[in-house]
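First the structure, in the form of structure tokens, and then the observations on it.
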Amino acid sequence: MDIKTASSLHRLRLVSGPEAVSFLLLLVCSVLKRTTEFNAVPVMGAIHGVLFILYVLFWLDAWNRTKWDLKTAVVFFVLSVLPFGGFFADRKLKRAADDALIASRARREGKVNTA
């Protein structure tokens with residue numbers, strides 16, 4: 001994995017957590033708006049909107065650089081629109097990054113450990 005691909009996956013990982021948190025906060029704010037006088041939906045909506053757009057842009061970049069198959073790309077997009085999905089995306093991306101790092105080190109050292 002080259003540095004640009006690793007960077008695009010890292011950016012996607014960095015935005016997936018905050019995007020998931022903002023989505024959950026927006027849901028809470030929506031409930032509070034309907035049940036109380038508290039209305040933070042415009043603010044949280046704007047924050048979530050910006051983070052969601054960043055997630056989609058970084059997702060497109062990662063898809064382009066990693067050459068994911070359609071199924072993998074769709075899974076990461078669907079995770080962006082599900083509550084708690086960003087946390088799962090972060091975990092899957094971390095696992096993929098760790099696997100790529102291990103494979104890179106094995107290639108560099110000329111060893112392949114199957115265990």
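Ligands are numbered from 1 in the order shown, chains are lettered A, B, ... in the order of the structure tokens, and residues start at 1 in each chain.
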Review point. Which residues come within 12 Å of A:Leu93, counting only C-alpha atoms, excluding same-chain residues fewer than 3 positions away, as number ranges by chain?
Key: A: 6-17, 59, 62, 66, 72-73, 75-76, 79, 86-90, 96-100
**Study point:** stretch 44-55 of chain A surroundings by only C-alpha atoms, 8 Å radius, close-in-sequence under 3 positions cut, as a list of chain:residue names
**Key:** A:Leu12, A:Val15, A:Ser16, A:Pro18, A:Glu19, A:Ser22, A:Phe23, A:Leu25, A:Leu26, A:Cys29, A:Ala40, A:Val41, A:Phe58, A:Trp59, A:Ser80
Resulting file, chosen residues, N, CA, C and O atoms, as a short mmCIF file (atom, residue, chain, number, x, y, z; two decimals), in the first residue's frame:
data_model
loop_
_atom_site.label_atom_id
_atom_site.label_comp_id
_atom_site.auth_asym_id
_atom_site.auth_seq_id
_atom_site.Cartn_x
_atom_site.Cartn_y
_atom_site.Cartn_z
N LEU A 12 -10.37 8.80 6.08
CA LEU A 12 -11.71 8.23 6.21
C LEU A 12 -11.94 7.75 7.64
O LEU A 12 -13.02 7.95 8.21
N VAL A 15 -12.58 10.72 10.10
CA VAL A 15 -13.88 11.39 10.03
C VAL A 15 -15.03 10.45 10.38
O VAL A 15 -16.12 10.91 10.73
N SER A 16 -14.82 9.13 10.35
CA SER A 16 -15.93 8.21 10.59
C SER A 16 -16.44 8.29 12.03
O SER A 16 -17.65 8.25 12.25
N PRO A 18 -16.22 10.95 14.38
CA PRO A 18 -16.99 12.18 14.61
C PRO A 18 -18.30 12.24 13.83
O PRO A 18 -19.30 12.77 14.32
N GLU A 19 -18.33 11.66 12.63
CA GLU A 19 -19.56 11.64 11.86
C GLU A 19 -20.61 10.80 12.57
O GLU A 19 -21.78 11.18 12.65
N SER A 22 -21.82 12.76 15.63
CA SER A 22 -22.71 13.87 15.25
C SER A 22 -24.08 13.36 14.83
O SER A 22 -25.10 14.01 15.09
N PHE A 23 -24.13 12.20 14.19
CA PHE A 23 -25.41 11.62 13.79
C PHE A 23 -26.24 11.26 15.03
O PHE A 23 -27.43 11.56 15.11
N LEU A 25 -25.92 12.54 18.04
CA LEU A 25 -26.31 13.78 18.71
C LEU A 25 -27.46 14.46 17.97
O LEU A 25 -28.36 15.03 18.59
N LEU A 26 -27.46 14.38 16.66
CA LEU A 26 -28.56 14.96 15.88
C LEU A 26 -29.86 14.22 16.18
O LEU A 26 -30.92 14.85 16.29
N CYS A 29 -30.96 15.44 19.56
CA CYS A 29 -31.48 16.80 19.44
C CYS A 29 -32.87 16.81 18.80
O CYS A 29 -33.73 17.62 19.17
N ALA A 40 -31.54 22.36 19.24
CA ALA A 40 -30.18 22.45 18.72
C ALA A 40 -30.07 21.78 17.36
O ALA A 40 -28.97 21.58 16.85
N VAL A 41 -31.21 21.45 16.76
CA VAL A 41 -31.20 20.75 15.48
C VAL A 41 -30.51 21.56 14.38
O VAL A 41 -29.72 21.00 13.62
N PHE A 58 -14.14 11.56 1.42
CA PHE A 58 -13.03 10.68 1.78
C PHE A 58 -13.32 9.23 1.39
O PHE A 58 -12.41 8.48 1.03
N TRP A 59 -14.59 8.83 1.45
CA TRP A 59 -14.99 7.49 1.01
C TRP A 59 -14.73 7.32 -0.49
O TRP A 59 -14.19 6.30 -0.91
N SER A 80 -22.12 4.67 6.80
CA SER A 80 -22.17 6.11 7.08
C SER A 80 -23.58 6.60 7.34
O SER A 80 -23.75 7.68 7.92
#
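Across the model, the gap from atom CA of A:Leu82 to atom CA of A:Val56 is 13.6 Å.
Counting only C-alpha atoms and comparing A:Leu60, A:Pro83, A:Lys94, A:Pro42, the residue that lies closest to A:Leu27 is A:Pro83.
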Practice item. Using DSSP on the backbone coordinates, identify the residues of chain A assigned to helix (DSSP H, G or I); present them as a ChimeraX atom specification. Key: /A:3-35,41-66,70-81,85-109
Review point. Suppose you want the space between atom CA of A:Leu24 and atom CA of A:Phe77; what is it in Å?
Key: 16.9 Å
Exercise for review: Provide the atom CA of A:Trp63 to atom CA of A:Phe84 distance in Å, to one decimal place.
Suggested key: 21.1 Å
